[in-house]
$ cat upload_0.cif   # mmCIF, N, CA and C atoms
data_query
#
loop_
_atom_site.label_atom_id
_atom_site.label_comp_id
_atom_site.auth_asym_id
_atom_site.auth_seq_id
_atom_site.Cartn_x
_atom_site.Cartn_y
_atom_site.Cartn_z
N MET A 1 35.68 38.69 92.71
CA MET A 1 35.09 39.94 92.24
C MET A 1 35.90 40.47 91.05
N LEU A 2 35.21 40.88 90.03
CA LEU A 2 35.86 41.39 88.82
C LEU A 2 36.31 42.83 89.01
N HIS A 3 37.34 43.20 88.28
CA HIS A 3 37.78 44.58 88.28
C HIS A 3 36.74 45.43 87.56
N LYS A 4 36.51 46.63 88.02
CA LYS A 4 35.43 47.46 87.46
C LYS A 4 35.61 47.75 85.97
N ARG A 5 36.84 47.82 85.51
CA ARG A 5 37.08 48.09 84.09
C ARG A 5 36.79 46.86 83.23
N SER A 6 36.91 45.67 83.79
CA SER A 6 36.71 44.48 82.99
C SER A 6 35.25 44.04 82.94
N VAL A 7 34.37 44.63 83.75
CA VAL A 7 32.95 44.25 83.76
C VAL A 7 32.27 44.72 82.48
N LEU A 8 32.41 45.99 82.13
CA LEU A 8 31.78 46.53 80.93
C LEU A 8 32.72 46.36 79.75
N ARG A 9 32.28 45.63 78.74
CA ARG A 9 33.12 45.44 77.55
C ARG A 9 32.92 46.59 76.57
N LYS A 10 31.64 46.84 76.16
CA LYS A 10 31.37 47.94 75.23
C LYS A 10 29.87 48.24 75.27
N PRO A 11 29.49 49.46 74.91
CA PRO A 11 28.06 49.78 74.83
C PRO A 11 27.47 49.23 73.53
N LEU A 12 26.20 48.86 73.56
CA LEU A 12 25.50 48.42 72.36
C LEU A 12 24.82 49.63 71.73
N LEU A 13 25.06 49.84 70.46
CA LEU A 13 24.47 50.97 69.75
C LEU A 13 23.68 50.44 68.56
N THR A 14 22.39 50.19 68.77
CA THR A 14 21.50 49.72 67.72
C THR A 14 20.26 50.60 67.70
N GLU A 15 19.41 50.42 66.70
CA GLU A 15 18.18 51.21 66.63
C GLU A 15 17.25 50.88 67.78
N LYS A 16 17.18 49.61 68.16
CA LYS A 16 16.31 49.21 69.26
C LYS A 16 16.79 49.82 70.58
N VAL A 17 18.09 49.84 70.78
CA VAL A 17 18.65 50.43 72.00
C VAL A 17 18.40 51.94 72.02
N ALA A 18 18.49 52.60 70.87
CA ALA A 18 18.21 54.04 70.79
C ALA A 18 16.76 54.33 71.16
N ALA A 19 15.84 53.47 70.74
CA ALA A 19 14.43 53.65 71.10
C ALA A 19 14.23 53.45 72.60
N GLN A 20 14.94 52.49 73.20
CA GLN A 20 14.85 52.28 74.65
C GLN A 20 15.40 53.47 75.42
N GLN A 21 16.45 54.09 74.90
CA GLN A 21 17.02 55.25 75.57
C GLN A 21 16.01 56.38 75.64
N ASP A 22 15.33 56.63 74.54
CA ASP A 22 14.36 57.72 74.49
C ASP A 22 13.12 57.42 75.32
N ALA A 23 12.60 56.19 75.22
CA ALA A 23 11.33 55.86 75.86
C ALA A 23 11.47 55.54 77.35
N ASN A 24 12.46 54.73 77.72
CA ASN A 24 12.53 54.20 79.08
C ASN A 24 13.79 54.58 79.85
N ASN A 25 14.67 55.38 79.25
CA ASN A 25 15.94 55.76 79.88
C ASN A 25 16.78 54.52 80.20
N GLN A 26 16.82 53.57 79.23
CA GLN A 26 17.58 52.34 79.39
C GLN A 26 18.74 52.30 78.40
N TYR A 27 19.87 51.79 78.85
CA TYR A 27 21.07 51.68 78.04
C TYR A 27 21.56 50.24 78.08
N SER A 28 22.11 49.74 76.97
CA SER A 28 22.55 48.36 76.88
C SER A 28 24.06 48.28 76.72
N PHE A 29 24.64 47.25 77.35
CA PHE A 29 26.08 47.04 77.31
C PHE A 29 26.38 45.57 77.10
N VAL A 30 27.51 45.28 76.45
CA VAL A 30 28.07 43.94 76.43
C VAL A 30 28.94 43.85 77.67
N VAL A 31 28.70 42.83 78.51
CA VAL A 31 29.41 42.73 79.78
C VAL A 31 30.12 41.38 79.87
N ASP A 32 30.98 41.25 80.86
CA ASP A 32 31.68 40.00 81.11
C ASP A 32 30.67 38.91 81.46
N PRO A 33 30.82 37.71 80.90
CA PRO A 33 29.84 36.65 81.14
C PRO A 33 29.69 36.21 82.59
N VAL A 34 30.68 36.44 83.43
CA VAL A 34 30.57 36.03 84.83
C VAL A 34 30.18 37.19 85.75
N ALA A 35 29.96 38.37 85.20
CA ALA A 35 29.59 39.53 86.01
C ALA A 35 28.14 39.40 86.48
N ASN A 36 27.89 39.79 87.74
CA ASN A 36 26.52 39.76 88.24
C ASN A 36 25.93 41.18 88.22
N LYS A 37 24.66 41.30 88.58
CA LYS A 37 23.95 42.57 88.47
C LYS A 37 24.54 43.65 89.38
N VAL A 38 25.00 43.27 90.55
CA VAL A 38 25.58 44.24 91.49
C VAL A 38 26.88 44.81 90.92
N GLU A 39 27.72 43.95 90.35
CA GLU A 39 28.98 44.41 89.77
C GLU A 39 28.73 45.30 88.56
N ILE A 40 27.72 44.96 87.74
CA ILE A 40 27.39 45.78 86.58
C ILE A 40 26.90 47.15 87.03
N LYS A 41 26.04 47.18 88.03
CA LYS A 41 25.51 48.45 88.55
C LYS A 41 26.64 49.35 89.06
N ARG A 42 27.54 48.79 89.85
CA ARG A 42 28.66 49.58 90.39
C ARG A 42 29.57 50.10 89.29
N ALA A 43 29.83 49.27 88.28
CA ALA A 43 30.72 49.67 87.19
C ALA A 43 30.12 50.82 86.37
N VAL A 44 28.82 50.75 86.07
CA VAL A 44 28.17 51.81 85.30
C VAL A 44 28.13 53.10 86.12
N GLU A 45 27.78 53.00 87.40
CA GLU A 45 27.73 54.20 88.25
C GLU A 45 29.10 54.85 88.37
N LYS A 46 30.14 54.05 88.49
CA LYS A 46 31.49 54.61 88.65
C LYS A 46 32.00 55.22 87.34
N LYS A 47 31.77 54.52 86.21
CA LYS A 47 32.32 54.98 84.94
C LYS A 47 31.60 56.21 84.40
N TYR A 48 30.27 56.24 84.51
CA TYR A 48 29.49 57.32 83.89
C TYR A 48 28.93 58.33 84.89
N SER A 49 29.14 58.16 86.19
CA SER A 49 28.67 59.07 87.24
C SER A 49 27.16 59.30 87.15
N VAL A 50 26.40 58.20 87.14
CA VAL A 50 24.94 58.25 87.09
C VAL A 50 24.39 57.35 88.19
N THR A 51 23.07 57.43 88.43
CA THR A 51 22.41 56.57 89.40
C THR A 51 21.63 55.49 88.65
N VAL A 52 21.96 54.24 88.92
CA VAL A 52 21.31 53.10 88.27
C VAL A 52 20.14 52.64 89.14
N VAL A 53 18.96 52.54 88.52
CA VAL A 53 17.76 52.10 89.22
C VAL A 53 17.59 50.59 89.13
N GLY A 54 17.89 50.00 87.96
CA GLY A 54 17.72 48.56 87.78
C GLY A 54 18.64 48.02 86.71
N VAL A 55 18.91 46.71 86.80
CA VAL A 55 19.76 46.03 85.83
C VAL A 55 19.08 44.72 85.43
N GLN A 56 18.96 44.50 84.13
CA GLN A 56 18.46 43.23 83.61
C GLN A 56 19.57 42.62 82.77
N THR A 57 19.79 41.31 82.92
CA THR A 57 20.85 40.64 82.17
C THR A 57 20.28 39.48 81.38
N MET A 58 20.96 39.15 80.30
CA MET A 58 20.59 37.98 79.50
C MET A 58 21.83 37.43 78.81
N ASN A 59 21.85 36.11 78.65
CA ASN A 59 22.92 35.45 77.92
C ASN A 59 22.47 35.27 76.48
N VAL A 60 23.24 35.80 75.54
CA VAL A 60 22.92 35.72 74.13
C VAL A 60 23.76 34.62 73.51
N ARG A 61 23.10 33.67 72.89
CA ARG A 61 23.78 32.54 72.28
C ARG A 61 24.41 32.95 70.96
N GLY A 62 25.62 32.46 70.68
CA GLY A 62 26.30 32.76 69.44
C GLY A 62 25.63 32.08 68.26
N LYS A 63 25.55 32.77 67.14
CA LYS A 63 24.91 32.23 65.95
C LYS A 63 25.82 31.24 65.24
N THR A 64 25.20 30.26 64.58
CA THR A 64 25.93 29.34 63.73
C THR A 64 26.03 29.96 62.35
N LYS A 65 27.24 30.03 61.82
CA LYS A 65 27.48 30.65 60.52
C LYS A 65 28.19 29.65 59.61
N ARG A 66 27.95 29.80 58.30
CA ARG A 66 28.58 28.93 57.31
C ARG A 66 29.38 29.76 56.33
N LEU A 67 30.47 29.18 55.86
CA LEU A 67 31.26 29.74 54.79
C LEU A 67 31.55 28.59 53.83
N GLY A 68 30.72 28.48 52.81
CA GLY A 68 30.82 27.33 51.91
C GLY A 68 30.37 26.08 52.63
N ARG A 69 31.22 25.08 52.63
CA ARG A 69 30.86 23.83 53.31
C ARG A 69 31.30 23.81 54.77
N PHE A 70 31.99 24.85 55.22
CA PHE A 70 32.47 24.90 56.59
C PHE A 70 31.48 25.62 57.48
N GLU A 71 31.30 25.09 58.66
CA GLU A 71 30.35 25.67 59.61
C GLU A 71 31.09 26.04 60.88
N GLY A 72 30.75 27.19 61.42
CA GLY A 72 31.38 27.65 62.65
C GLY A 72 30.37 28.31 63.56
N GLN A 73 30.82 28.68 64.73
CA GLN A 73 29.93 29.27 65.72
C GLN A 73 30.53 30.59 66.20
N ARG A 74 29.71 31.63 66.20
CA ARG A 74 30.15 32.89 66.81
C ARG A 74 30.11 32.74 68.32
N PRO A 75 30.92 33.50 69.04
CA PRO A 75 30.94 33.33 70.49
C PRO A 75 29.66 33.83 71.15
N SER A 76 29.28 33.17 72.25
CA SER A 76 28.16 33.62 73.06
C SER A 76 28.62 34.80 73.90
N TRP A 77 27.67 35.66 74.34
CA TRP A 77 28.02 36.84 75.10
C TRP A 77 26.89 37.20 76.04
N LYS A 78 27.17 38.08 76.98
CA LYS A 78 26.18 38.51 77.97
C LYS A 78 25.82 39.96 77.74
N LYS A 79 24.52 40.25 77.80
CA LYS A 79 24.01 41.60 77.56
C LYS A 79 23.36 42.11 78.84
N ALA A 80 23.58 43.37 79.16
CA ALA A 80 22.96 44.00 80.32
C ALA A 80 22.19 45.24 79.87
N ILE A 81 20.94 45.34 80.33
CA ILE A 81 20.12 46.52 80.08
C ILE A 81 20.02 47.26 81.41
N VAL A 82 20.53 48.50 81.43
CA VAL A 82 20.63 49.29 82.65
C VAL A 82 19.61 50.43 82.59
N THR A 83 18.77 50.53 83.62
CA THR A 83 17.80 51.61 83.72
C THR A 83 18.35 52.68 84.65
N LEU A 84 18.36 53.92 84.16
CA LEU A 84 18.89 55.04 84.95
C LEU A 84 17.77 55.81 85.64
N LYS A 85 18.16 56.59 86.64
CA LYS A 85 17.23 57.46 87.35
C LYS A 85 16.68 58.50 86.38
N LYS A 86 15.44 58.87 86.56
CA LYS A 86 14.78 59.83 85.67
C LYS A 86 15.56 61.15 85.65
N GLY A 87 15.80 61.66 84.46
CA GLY A 87 16.52 62.92 84.30
C GLY A 87 18.01 62.75 84.04
N GLU A 88 18.55 61.55 84.23
CA GLU A 88 19.97 61.30 83.97
C GLU A 88 20.14 60.61 82.64
N SER A 89 21.31 60.78 82.03
CA SER A 89 21.57 60.16 80.74
C SER A 89 23.07 59.91 80.60
N ILE A 90 23.39 59.09 79.59
CA ILE A 90 24.78 58.78 79.25
C ILE A 90 24.99 59.17 77.81
N GLU A 91 26.08 59.86 77.53
CA GLU A 91 26.43 60.22 76.15
C GLU A 91 27.35 59.13 75.61
N LEU A 92 26.76 58.14 74.94
CA LEU A 92 27.55 56.99 74.46
C LEU A 92 28.28 57.28 73.17
N ALA A 93 27.77 58.14 72.31
CA ALA A 93 28.39 58.39 71.00
C ALA A 93 29.81 58.96 71.17
N GLN A 94 30.02 59.79 72.18
CA GLN A 94 31.33 60.37 72.40
C GLN A 94 32.29 59.39 73.07
N ASN A 95 31.76 58.37 73.78
CA ASN A 95 32.61 57.45 74.53
C ASN A 95 33.04 56.25 73.71
N VAL A 96 32.53 56.09 72.50
CA VAL A 96 32.86 54.90 71.71
C VAL A 96 34.10 55.14 70.89
#
$ encode --input "upload_0.cif" --output "structure tokens"
Amino acid sequence: MLHKRSVLRKPLLTEKVAAQQDANNQYSFVVDPVANKVEIKRAVEKKYSVTVVGVQTMNVRGKTKRLGRFEGQRPSWKKAIVTLKKGESIELAQNV
């Protein structure tokens, strides 16, 4: 079992995530690649004092990038989309 602080790496702050926050009360986080949905739910509830209704996870593949003739790979990472109970919210701008 992972430590609760090591499960959540950082919140994702993009335009698409902002639209999800307004429309569906969903927030996105970069999480540890071995974390499961139960650990993610517990970590979000403990850190932000909210009620999590659902968690969706996906593995994002790292992009291949070039610099001149050299080619490299960005690291792969895991993304979690957390749905909160209606009426609850997280203030991410102040926590970053």
$ residues_around --input "upload_0.cif" --residues "Ala35 of chain A" --least-positions-apart "2" --cutoff "9 Å" --atoms "only C-alpha atoms" --output "PyMOL selection string"
chain A and resi 1-2+7-8+31-33+37-40+78
$ residues_around --input "upload_0.cif" --residues "Glu88 of chain A" --least-positions-apart "5" --cutoff "8 Å" --atoms "only C-alpha atoms" --output "PyMOL selection string"
chain A and resi 25+50-51
$ select_by_dssp --input "upload_0.cif" --residues "segment 27-85 of chain A" --states "alpha helix (DSSP H)" --output "list in words"
Lys37, Val38, Glu39, Ile40, Lys41, Arg42, Ala43, Val44, Glu45, Lys46, Lys47 and Tyr48 of chain A
$ atom_distance --input "upload_0.cif" --atom1 "atom N of Leu13 of chain A" --atom2 "atom C of Gln26 of chain A"
10.4 Å
$ atom_distance --input "upload_0.cif" --atom1 "atom C of Glu45 of chain A" --atom2 "atom C of Ala80 of chain A"
14.6 Å
$ atom_distance --input "upload_0.cif" --atom1 "atom CA of Leu84 of chain A" --atom2 "atom CA of Ser49 of chain A"
10.8 Å
$ closest_residue --input "upload_0.cif" --among "A:Arg61, A:Arg69, A:Ser28, A:Gly54" --to "Lys16 of chain A" --atoms "only C-alpha atoms"
A:Ser28
$ residues_around --input "upload_0.cif" --residues "Gln56 of chain A" --least-positions-apart "2" --cutoff "6.5 Å" --atoms "all atoms listed in the file" --output "list of chain:residue names"
A:Gly54, A:Met58, A:Lys79, A:Ala80, A:Ile81, A:Val82, A:Thr83
$ write_last_selection --input "upload_0.cif" --atoms "N, CA and C atoms" --output "compact mmCIF listing (two decimals), in the coordinates of the input"
# COMPACT_ATOMS: atom_id res chain seq x y z
N GLY A 54 17.89 50.00 87.96
CA GLY A 54 17.72 48.56 87.78
C GLY A 54 18.64 48.02 86.71
N MET A 58 20.96 39.15 80.30
CA MET A 58 20.59 37.98 79.50
C MET A 58 21.83 37.43 78.81
N LYS A 79 24.52 40.25 77.80
CA LYS A 79 24.01 41.60 77.56
C LYS A 79 23.36 42.11 78.84
N ALA A 80 23.58 43.37 79.16
CA ALA A 80 22.96 44.00 80.32
C ALA A 80 22.19 45.24 79.87
N ILE A 81 20.94 45.34 80.33
CA ILE A 81 20.12 46.52 80.08
C ILE A 81 20.02 47.26 81.41
N VAL A 82 20.53 48.50 81.43
CA VAL A 82 20.63 49.29 82.65
C VAL A 82 19.61 50.43 82.59
N THR A 83 18.77 50.53 83.62
CA THR A 83 17.80 51.61 83.72
C THR A 83 18.35 52.68 84.65
$ closest_residue --input "upload_0.cif" --among "A:Glu71, A:Leu92, A:Arg66, A:Ala23" --to "Pro11 of chain A" --atoms "all atoms listed in the file"
A:Leu92
$ closest_residue --input "upload_0.cif" --among "A:Arg42, A:Thr64, A:Gly72, A:Tyr27" --to "Thr14 of chain A" --atoms "only C-alpha atoms"
A:Tyr27
$ select_by_dssp --input "upload_0.cif" --residues "chain A" --states "strand (DSSP E or B)" --output "compact mmCIF listing (two decimals) with N, CA and C atoms, in the coordinates of the input"
# COMPACT_ATOMS: atom_id res chain seq x y z
N LEU A 8 32.41 45.99 82.13
CA LEU A 8 31.78 46.53 80.93
C LEU A 8 32.72 46.36 79.75
N ARG A 9 32.28 45.63 78.74
CA ARG A 9 33.12 45.44 77.55
C ARG A 9 32.92 46.59 76.57
N LYS A 10 31.64 46.84 76.16
CA LYS A 10 31.37 47.94 75.23
C LYS A 10 29.87 48.24 75.27
N PRO A 11 29.49 49.46 74.91
CA PRO A 11 28.06 49.78 74.83
C PRO A 11 27.47 49.23 73.53
N GLN A 26 16.82 53.57 79.23
CA GLN A 26 17.58 52.34 79.39
C GLN A 26 18.74 52.30 78.40
N TYR A 27 19.87 51.79 78.85
CA TYR A 27 21.07 51.68 78.04
C TYR A 27 21.56 50.24 78.08
N SER A 28 22.11 49.74 76.97
CA SER A 28 22.55 48.36 76.88
C SER A 28 24.06 48.28 76.72
N PHE A 29 24.64 47.25 77.35
CA PHE A 29 26.08 47.04 77.31
C PHE A 29 26.38 45.57 77.10
N VAL A 30 27.51 45.28 76.45
CA VAL A 30 28.07 43.94 76.43
C VAL A 30 28.94 43.85 77.67
N VAL A 31 28.70 42.83 78.51
CA VAL A 31 29.41 42.73 79.78
C VAL A 31 30.12 41.38 79.87
N VAL A 52 21.96 54.24 88.92
CA VAL A 52 21.31 53.10 88.27
C VAL A 52 20.14 52.64 89.14
N VAL A 53 18.96 52.54 88.52
CA VAL A 53 17.76 52.10 89.22
C VAL A 53 17.59 50.59 89.13
N GLY A 54 17.89 50.00 87.96
CA GLY A 54 17.72 48.56 87.78
C GLY A 54 18.64 48.02 86.71
N VAL A 55 18.91 46.71 86.80
CA VAL A 55 19.76 46.03 85.83
C VAL A 55 19.08 44.72 85.43
N GLN A 56 18.96 44.50 84.13
CA GLN A 56 18.46 43.23 83.61
C GLN A 56 19.57 42.62 82.77
N THR A 57 19.79 41.31 82.92
CA THR A 57 20.85 40.64 82.17
C THR A 57 20.28 39.48 81.38
N MET A 58 20.96 39.15 80.30
CA MET A 58 20.59 37.98 79.50
C MET A 58 21.83 37.43 78.81
N ASN A 59 21.85 36.11 78.65
CA ASN A 59 22.92 35.45 77.92
C ASN A 59 22.47 35.27 76.48
N VAL A 60 23.24 35.80 75.54
CA VAL A 60 22.92 35.72 74.13
C VAL A 60 23.76 34.62 73.51
N THR A 64 25.20 30.26 64.58
CA THR A 64 25.93 29.34 63.73
C THR A 64 26.03 29.96 62.35
N LYS A 65 27.24 30.03 61.82
CA LYS A 65 27.48 30.65 60.52
C LYS A 65 28.19 29.65 59.61
N ARG A 66 27.95 29.80 58.30
CA ARG A 66 28.58 28.93 57.31
C ARG A 66 29.38 29.76 56.33
N LEU A 67 30.47 29.18 55.86
CA LEU A 67 31.26 29.74 54.79
C LEU A 67 31.55 28.59 53.83
N PHE A 70 31.99 24.85 55.22
CA PHE A 70 32.47 24.90 56.59
C PHE A 70 31.48 25.62 57.48
N GLU A 71 31.30 25.09 58.66
CA GLU A 71 30.35 25.67 59.61
C GLU A 71 31.09 26.04 60.88
N GLY A 72 30.75 27.19 61.42
CA GLY A 72 31.38 27.65 62.65
C GLY A 72 30.37 28.31 63.56
N GLN A 73 30.82 28.68 64.73
CA GLN A 73 29.93 29.27 65.72
C GLN A 73 30.53 30.59 66.20
N TRP A 77 27.67 35.66 74.34
CA TRP A 77 28.02 36.84 75.10
C TRP A 77 26.89 37.20 76.04
N LYS A 78 27.17 38.08 76.98
CA LYS A 78 26.18 38.51 77.97
C LYS A 78 25.82 39.96 77.74
N LYS A 79 24.52 40.25 77.80
CA LYS A 79 24.01 41.60 77.56
C LYS A 79 23.36 42.11 78.84
N ALA A 80 23.58 43.37 79.16
CA ALA A 80 22.96 44.00 80.32
C ALA A 80 22.19 45.24 79.87
N ILE A 81 20.94 45.34 80.33
CA ILE A 81 20.12 46.52 80.08
C ILE A 81 20.02 47.26 81.41
N VAL A 82 20.53 48.50 81.43
CA VAL A 82 20.63 49.29 82.65
C VAL A 82 19.61 50.43 82.59
N THR A 83 18.77 50.53 83.62
CA THR A 83 17.80 51.61 83.72
C THR A 83 18.35 52.68 84.65
N LEU A 84 18.36 53.92 84.16
CA LEU A 84 18.89 55.04 84.95
C LEU A 84 17.77 55.81 85.64
$ decode --input "upload_0.cif" --residues "segment 40-63 of chain A" --atoms "N, CA and C atoms" --output "CSV table (one decimal), in the first residue's frame"
chain,number,residue,atom,x,y,z
A,40,ILE,N,-6.4,6.1,-4.6
A,40,ILE,CA,-6.6,7.5,-5.1
A,40,ILE,C,-7.8,8.2,-4.4
A,41,LYS,N,-8.9,7.5,-4.3
A,41,LYS,CA,-10.0,8.0,-3.6
A,41,LYS,C,-9.7,8.4,-2.1
A,42,ARG,N,-9.1,7.5,-1.4
A,42,ARG,CA,-8.7,7.8,0.0
A,42,ARG,C,-7.8,9.0,0.1
A,43,ALA,N,-6.8,9.1,-0.8
A,43,ALA,CA,-5.9,10.2,-0.8
A,43,ALA,C,-6.5,11.6,-1.0
A,44,VAL,N,-7.4,11.6,-2.0
A,44,VAL,CA,-8.1,12.9,-2.3
A,44,VAL,C,-9.0,13.3,-1.2
A,45,GLU,N,-9.8,12.3,-0.6
A,45,GLU,CA,-10.7,12.6,0.5
A,45,GLU,C,-9.9,13.1,1.7
A,46,LYS,N,-8.8,12.5,2.0
A,46,LYS,CA,-8.0,12.9,3.1
A,46,LYS,C,-7.4,14.3,2.9
A,47,LYS,N,-6.8,14.5,1.7
A,47,LYS,CA,-6.0,15.8,1.5
A,47,LYS,C,-7.0,17.0,1.4
A,48,TYR,N,-8.1,16.8,0.7
A,48,TYR,CA,-9.0,18.0,0.4
A,48,TYR,C,-10.2,18.0,1.2
A,49,SER,N,-10.5,17.0,2.0
A,49,SER,CA,-11.7,16.9,2.9
A,49,SER,C,-13.0,17.0,2.1
A,50,VAL,N,-13.1,16.2,1.0
A,50,VAL,CA,-14.3,16.1,0.2
A,50,VAL,C,-14.8,14.7,0.1
A,51,THR,N,-15.9,14.5,-0.5
A,51,THR,CA,-16.5,13.2,-0.7
A,51,THR,C,-16.3,12.8,-2.2
A,52,VAL,N,-15.6,11.7,-2.5
A,52,VAL,CA,-15.4,11.3,-3.9
A,52,VAL,C,-16.5,10.3,-4.2
A,53,VAL,N,-17.1,10.5,-5.4
A,53,VAL,CA,-18.2,9.6,-5.9
A,53,VAL,C,-17.6,8.6,-6.8
A,54,GLY,N,-16.6,9.0,-7.6
A,54,GLY,CA,-16.1,8.0,-8.6
A,54,GLY,C,-14.7,8.4,-9.0
A,55,VAL,N,-13.9,7.4,-9.5
A,55,VAL,CA,-12.5,7.6,-9.9
A,55,VAL,C,-12.3,6.9,-11.2
A,56,GLN,N,-11.8,7.6,-12.2
A,56,GLN,CA,-11.5,6.9,-13.5
A,56,GLN,C,-10.0,7.1,-13.7
A,57,THR,N,-9.3,6.1,-14.1
A,57,THR,CA,-7.8,6.2,-14.3
A,57,THR,C,-7.5,5.8,-15.8
A,58,MET,N,-6.3,6.4,-16.2
A,58,MET,CA,-5.8,6.0,-17.5
A,58,MET,C,-4.3,6.2,-17.5
A,59,ASN,N,-3.6,5.3,-18.3
A,59,ASN,CA,-2.2,5.4,-18.4
A,59,ASN,C,-1.9,6.2,-19.7
A,60,VAL,N,-1.1,7.3,-19.5
A,60,VAL,CA,-0.8,8.2,-20.7
A,60,VAL,C,0.6,7.8,-21.1
A,61,ARG,N,0.7,7.5,-22.4
A,61,ARG,CA,2.0,7.1,-22.9
A,61,ARG,C,2.9,8.4,-23.2
A,62,GLY,N,4.2,8.3,-22.9
A,62,GLY,CA,5.1,9.4,-23.1
A,62,GLY,C,5.3,9.6,-24.6
A,63,LYS,N,5.4,10.9,-25.0
A,63,LYS,CA,5.6,11.2,-26.4
A,63,LYS,C,7.0,11.1,-26.8
